[in-house]
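J.: If it helps, the file is called coords23.cif and holds mmCIF, C-alpha atoms and all ligand atoms:
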data_data
loop_
_atom_site.label_atom_id
_atom_site.label_comp_id
_atom_site.auth_asym_id
_atom_site.auth_seq_id
_atom_site.Cartn_x
_atom_site.Cartn_y
_atom_site.Cartn_z
CA MET N 1 -42.11 -46.26 -1.76
CA GLN N 2 -38.73 -45.63 -0.24
CA LEU N 3 -37.38 -44.64 -3.63
CA LEU N 4 -40.24 -42.19 -4.13
CA CYS N 5 -39.57 -40.62 -0.75
CA ALA N 6 -35.92 -40.25 -1.55
CA PHE N 7 -36.78 -38.68 -4.89
CA SER N 8 -39.12 -36.08 -3.38
CA LEU N 9 -36.51 -35.36 -0.74
CA VAL N 10 -34.00 -34.58 -3.49
CA LEU N 11 -36.55 -32.33 -5.18
CA ALA N 12 -37.24 -30.56 -1.92
CA LEU N 13 -33.53 -29.95 -1.43
CA ILE N 14 -32.89 -28.47 -4.86
CA PRO N 15 -34.24 -24.93 -4.28
CA GLY N 16 -32.31 -24.78 -1.04
CA SER N 17 -29.08 -25.90 -2.59
CA GLN N 18 -29.49 -23.44 -5.42
CA ALA N 19 -29.96 -20.61 -2.97
CA ALA N 20 -26.91 -21.75 -1.06
CA ALA N 21 -24.92 -21.87 -4.27
CA THR N 22 -25.95 -18.32 -5.20
CA LYS N 23 -24.42 -16.72 -2.13
CA PRO N 24 -20.78 -17.78 -2.59
CA ALA N 25 -21.14 -17.08 -6.32
CA ALA N 26 -22.22 -13.52 -5.56
CA LYS N 27 -19.22 -13.10 -3.28
CA ALA N 28 -16.77 -14.60 -5.75
CA PRO N 29 -16.30 -11.56 -8.03
CA ALA N 30 -15.47 -9.39 -5.01
CA ALA N 31 -12.62 -11.60 -3.83
CA PRO N 32 -10.31 -11.29 -6.87
CA ALA N 33 -11.03 -7.55 -7.02
CA ALA N 34 -10.03 -7.15 -3.38
CA ALA N 35 -6.93 -9.24 -3.96
CA ALA N 36 -6.03 -7.10 -6.96
CA ALA N 37 -6.52 -3.93 -4.98
CA LYS N 38 -4.20 -5.17 -2.26
CA GLY N 39 -1.97 -6.50 -4.96
CA GLY N 40 0.77 -8.98 -5.28
CA ARG N 41 1.75 -12.43 -4.25
CA THR N 42 0.35 -13.40 -0.87
CA VAL N 43 2.81 -14.52 1.78
CA ASN N 44 1.10 -16.08 4.77
CA LEU N 45 2.98 -15.47 7.99
CA THR N 46 2.02 -16.64 11.43
CA GLY N 47 3.21 -15.44 14.79
CA ALA N 48 2.69 -17.48 17.92
CA ASP N 49 3.20 -17.25 21.67
CA ASP N 50 6.77 -18.52 21.24
CA MET N 51 7.60 -15.13 19.67
CA LYS N 52 8.69 -16.53 16.33
CA PHE N 53 7.53 -16.08 12.76
CA ASN N 54 6.78 -19.31 10.90
CA MET N 55 9.03 -18.10 8.08
CA THR N 56 12.40 -16.47 8.55
CA THR N 57 13.07 -15.98 4.84
CA ILE N 58 10.84 -14.52 2.16
CA GLU N 59 12.21 -14.37 -1.36
CA ALA N 60 11.15 -11.72 -3.81
CA LYS N 61 12.08 -10.37 -7.19
CA PRO N 62 13.11 -6.72 -7.37
CA GLY N 63 9.98 -4.59 -7.56
CA GLU N 64 7.63 -7.53 -7.04
CA MET N 65 4.33 -6.76 -5.31
CA ILE N 66 4.07 -8.71 -2.08
CA HIS N 67 1.00 -9.04 0.11
CA VAL N 68 1.94 -10.14 3.61
CA VAL N 69 -0.82 -11.58 5.76
CA LEU N 70 0.19 -12.11 9.37
CA LYS N 71 -1.99 -14.20 11.63
CA ASN N 72 -1.46 -14.38 15.36
CA VAL N 73 -2.08 -18.05 16.13
CA GLY N 74 -1.32 -17.67 19.83
CA THR N 75 -3.71 -17.39 22.77
CA VAL N 76 -2.01 -14.96 25.15
CA PRO N 77 -4.08 -11.72 25.54
CA LYS N 78 -3.18 -8.87 23.20
CA ILE N 79 -1.96 -6.56 25.95
CA ALA N 80 0.83 -9.03 26.78
CA MET N 81 1.44 -10.62 23.39
CA ALA N 82 0.72 -9.16 20.00
CA HIS N 83 2.59 -9.31 16.72
CA ASN N 84 3.21 -7.14 13.74
CA PHE N 85 5.31 -7.23 10.60
CA VAL N 86 7.70 -4.37 9.95
CA LEU N 87 10.05 -4.40 6.98
CA LEU N 88 13.12 -2.21 7.33
CA ALA N 89 15.21 -0.36 4.81
CA LEU N 90 18.59 -1.87 4.00
CA THR N 91 20.45 0.77 5.99
CA ALA N 92 18.29 0.59 9.13
CA ASP N 93 19.81 -1.00 12.21
CA PRO N 94 17.13 -3.33 13.61
CA VAL N 95 18.43 -3.12 17.19
CA GLU N 96 18.33 0.69 17.14
CA PHE N 97 14.95 0.54 15.47
CA THR N 98 13.43 -1.66 18.18
CA LYS N 99 14.57 0.87 20.80
CA ALA N 100 12.58 3.59 19.05
CA ALA N 101 9.69 1.18 18.50
CA MET N 102 9.41 0.44 22.21
CA MET N 103 8.38 4.06 22.79
CA ALA N 104 5.71 3.95 20.10
CA GLN N 105 2.97 2.02 21.90
CA PRO N 106 0.15 4.38 20.69
CA THR N 107 1.01 3.58 17.07
CA ASP N 108 1.22 -0.21 17.53
CA TYR N 109 4.96 0.04 18.28
CA VAL N 110 5.65 1.47 14.84
CA PRO N 111 7.71 4.64 15.39
CA LEU N 112 6.33 7.14 12.92
CA ASP N 113 9.34 9.41 13.34
CA GLN N 114 11.42 6.60 11.78
CA LYS N 115 9.31 6.47 8.62
CA ALA N 116 12.35 6.68 6.35
CA LYS N 117 13.52 3.32 7.73
CA ILE N 118 10.17 1.56 7.28
CA LEU N 119 9.37 -0.06 3.93
CA ALA N 120 6.15 -1.70 5.14
CA SER N 121 4.32 -2.25 8.40
CA THR N 122 1.12 -3.74 9.76
CA LYS N 123 -0.95 -3.04 12.83
CA LEU N 124 -0.66 -5.34 15.82
CA ALA N 125 -2.51 -8.65 15.76
CA GLY N 126 -3.83 -10.08 19.00
CA PRO N 127 -4.70 -13.77 19.39
CA GLY N 128 -6.76 -15.01 16.45
CA GLU N 129 -6.40 -11.69 14.63
CA MET N 130 -5.02 -11.13 11.17
CA VAL N 131 -3.23 -8.05 9.83
CA GLU N 132 -1.91 -7.40 6.36
CA VAL N 133 0.10 -5.07 4.20
CA SER N 134 0.94 -4.86 0.51
CA PHE N 135 4.20 -3.41 -0.63
CA LYS N 136 6.54 -3.34 -3.55
CA ALA N 137 9.78 -5.22 -2.93
CA PRO N 138 12.79 -2.90 -3.21
CA ALA N 139 14.40 -2.59 -6.62
CA LYS N 140 17.82 -3.09 -5.10
CA ALA N 141 18.89 -6.69 -4.43
CA GLY N 142 19.77 -7.51 -0.85
CA SER N 143 18.60 -8.92 2.45
CA TYR N 144 16.06 -6.69 4.15
CA ASN N 145 15.23 -7.26 7.80
CA TYR N 146 11.69 -7.75 8.93
CA LEU N 147 10.67 -8.01 12.52
CA CYS N 148 7.94 -7.82 15.10
CA THR N 149 8.31 -4.60 17.09
CA PHE N 150 6.28 -5.65 20.12
CA PRO N 151 8.71 -5.04 23.02
CA GLY N 152 11.11 -7.92 23.50
CA HIS N 153 10.02 -9.93 20.48
CA TYR N 154 12.91 -9.02 18.20
CA ALA N 155 15.36 -10.00 20.94
CA ALA N 156 13.45 -13.27 21.37
CA GLY N 157 14.00 -14.01 17.68
CA MET N 158 10.86 -12.70 16.03
CA LYS N 159 12.58 -11.65 12.85
CA GLY N 160 13.45 -12.69 9.34
CA THR N 161 14.81 -11.44 6.04
CA LEU N 162 13.22 -10.51 2.78
CA VAL N 163 15.74 -11.63 0.22
CA VAL N 164 15.46 -9.61 -2.96
CA LYS N 165 17.25 -11.16 -5.90
CU CU B 1 5.64 -10.40 18.12
#
Could you quickly redo this structure as structure tokens?
Ligand SMILES: [Cu+2]
T.:
Amino acid sequence: MQLLCAFSLVLALIPGSQAAATKPAAKAPAAPAAAAAKGGRTVNLTGADDMKFNMTTIEAKPGEMIHVVLKNVGTVPKIAMAHNFVLLALTADPVEFTKAAMMAQPTDYVPLDQKAKILASTKLAGPGEMVEVSFKAPAKAGSYNYLCTFPGHYAAGMKGTLVVK
């Protein structure tokens, strides 16, 4: 009797499990397409309330497509603590750049008048938020600075280098 009950329970569960299986399957084709559209190798960065990136070096081949995903894993409210990822041109001085960035609050601290110095940038991520950007690594080998331009974060050490080689 117990066996029979178990059997009918399994039968009862089958339509449900099939339906459940259909949903992720329907989503599956969209995911690779989206990834392809964004392009490139995904680099998962995190920024936390200690004002540091989890990675201070990213290696890339010249011209490689890179997809940076930055997650703010902190808890401090966005107004006081948010993070972005800004990759600078080889010739850009990061200290000078952060001075200009400080004045660019309306554009997530990305100074649009400095566009020539910016190779890639994301929006600001508040706690629990994720931001992303895809870009082509420079063709020229070298160490390219990336940083968070939220005021004070670069000085606190929220920076790293994209090493193209
Ligand atoms: Cu930051």
J.: What are the nearest atom pairs, with distances in Å to one decimal, for all residues of chain N that come at most 8 Å from ligand CU 1 (chain B), using all atoms listed in the file, set out by chain and rising residue number as CSV?
T.:
residue,atom,partner,partner_atom,distance
N:Gly47,CA,B:CU1,CU,6.5
N:Ala48,CA,B:CU1,CU,7.7
N:Met51,CA,B:CU1,CU,5.3
N:Lys52,CA,B:CU1,CU,7.1
N:Met81,CA,B:CU1,CU,6.7
N:Ala82,CA,B:CU1,CU,5.4
N:His83,CA,B:CU1,CU,3.5
N:Asn84,CA,B:CU1,CU,6.0
N:Leu147,CA,B:CU1,CU,7.9
N:Cys148,CA,B:CU1,CU,4.6
N:Thr149,CA,B:CU1,CU,6.5
N:Phe150,CA,B:CU1,CU,5.2
N:Pro151,CA,B:CU1,CU,7.9
N:His153,CA,B:CU1,CU,5.0
N:Tyr154,CA,B:CU1,CU,7.4
N:Met158,CA,B:CU1,CU,6.1
J.: Give me the residues within 7 Å of region 72-77 of chain N as a list in words, counting only C-alpha atoms and dropping any in the same chain fewer than 2 places off.
T.: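 Skipping anything fewer than 2 positions along the chain leaves Thr46, Gly47, Ala48, Asp49, Leu70, Ile79, Ala80, Met81, His83, Ala125, Gly126, Pro127, Gly128, Glu129 and Met130 of chain N.
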J.: Would you mind telling me which residue in N:Met102, N:Val133, N:Ala89, N:Leu124 lies nearest to Val43 (chain N) when using only C-alpha atoms?
T.: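 Checking each of N:Met102, N:Val133, N:Ala89, N:Leu124 against Val43 (chain N), counting only C-alpha atoms, the winner is N:Val133.
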J.: Have a look at N:Gly142, N:Gly157, N:Gly152, N:Gly40 and name the one nearest to Pro62 (chain N); count all atoms listed in the file.
T.: N:Gly142
J.: Would you please work out which residue, of N:Val164, N:Ala156, N:Ala137, N:Val86, is nearest to Asp50 (chain N) when using all atoms listed in the file?
T.: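 Nearest candidate to Asp50 (chain N) out of N:Val164, N:Ala156, N:Ala137, N:Val86: N:Ala156.
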J.: Taking all atoms listed in the file into account, which of N:Val163, N:Ile118, N:Met103, N:Ala155 comes nearest Gly63 (chain N)?
T.: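 So, comparing all the options, the nearest one is N:Val163.
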J.: Measure the distance from CA of Ile58 (chain N) to CA of Thr122 (chain N) in Å and round it to one decimal.
T.: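 Going from CA of Ile58 (chain N) over to CA of Thr122 (chain N), I get 16.4 Å.
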J.: Could you tell me which of N:Lys123, N:Lys136, N:Lys117, N:Pro106 comes closest to Asp93 (chain N) if we count all atoms listed in the file?
T.: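 Looking only at the distances to Asp93 (chain N), the closest residue turns out to be N:Lys117.
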J.: Give me the residues near Thr56 (chain N) as a list in words, where near means some atom within 10 Å (using only C-alpha atoms) and where sequence neighbours in that chain fewer than 5 positions away do not count.
T.: Leu45, Asn145, Tyr146, Leu147, Gly157, Met158, Lys159, Gly160, Thr161 and Leu162 of chain N
J.: Nearest residue to Ser143 (chain N) out of N:Asn54, N:Thr107, N:Thr42, N:Thr91, using all atoms listed in the file?
T.: N:Thr91
J.: One decimal, Å: what's the distance from CA of Val110 (chain N) over to CA of Asn44 (chain N), could you say?
T.: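 Interatomic distance here is 20.7 Å.
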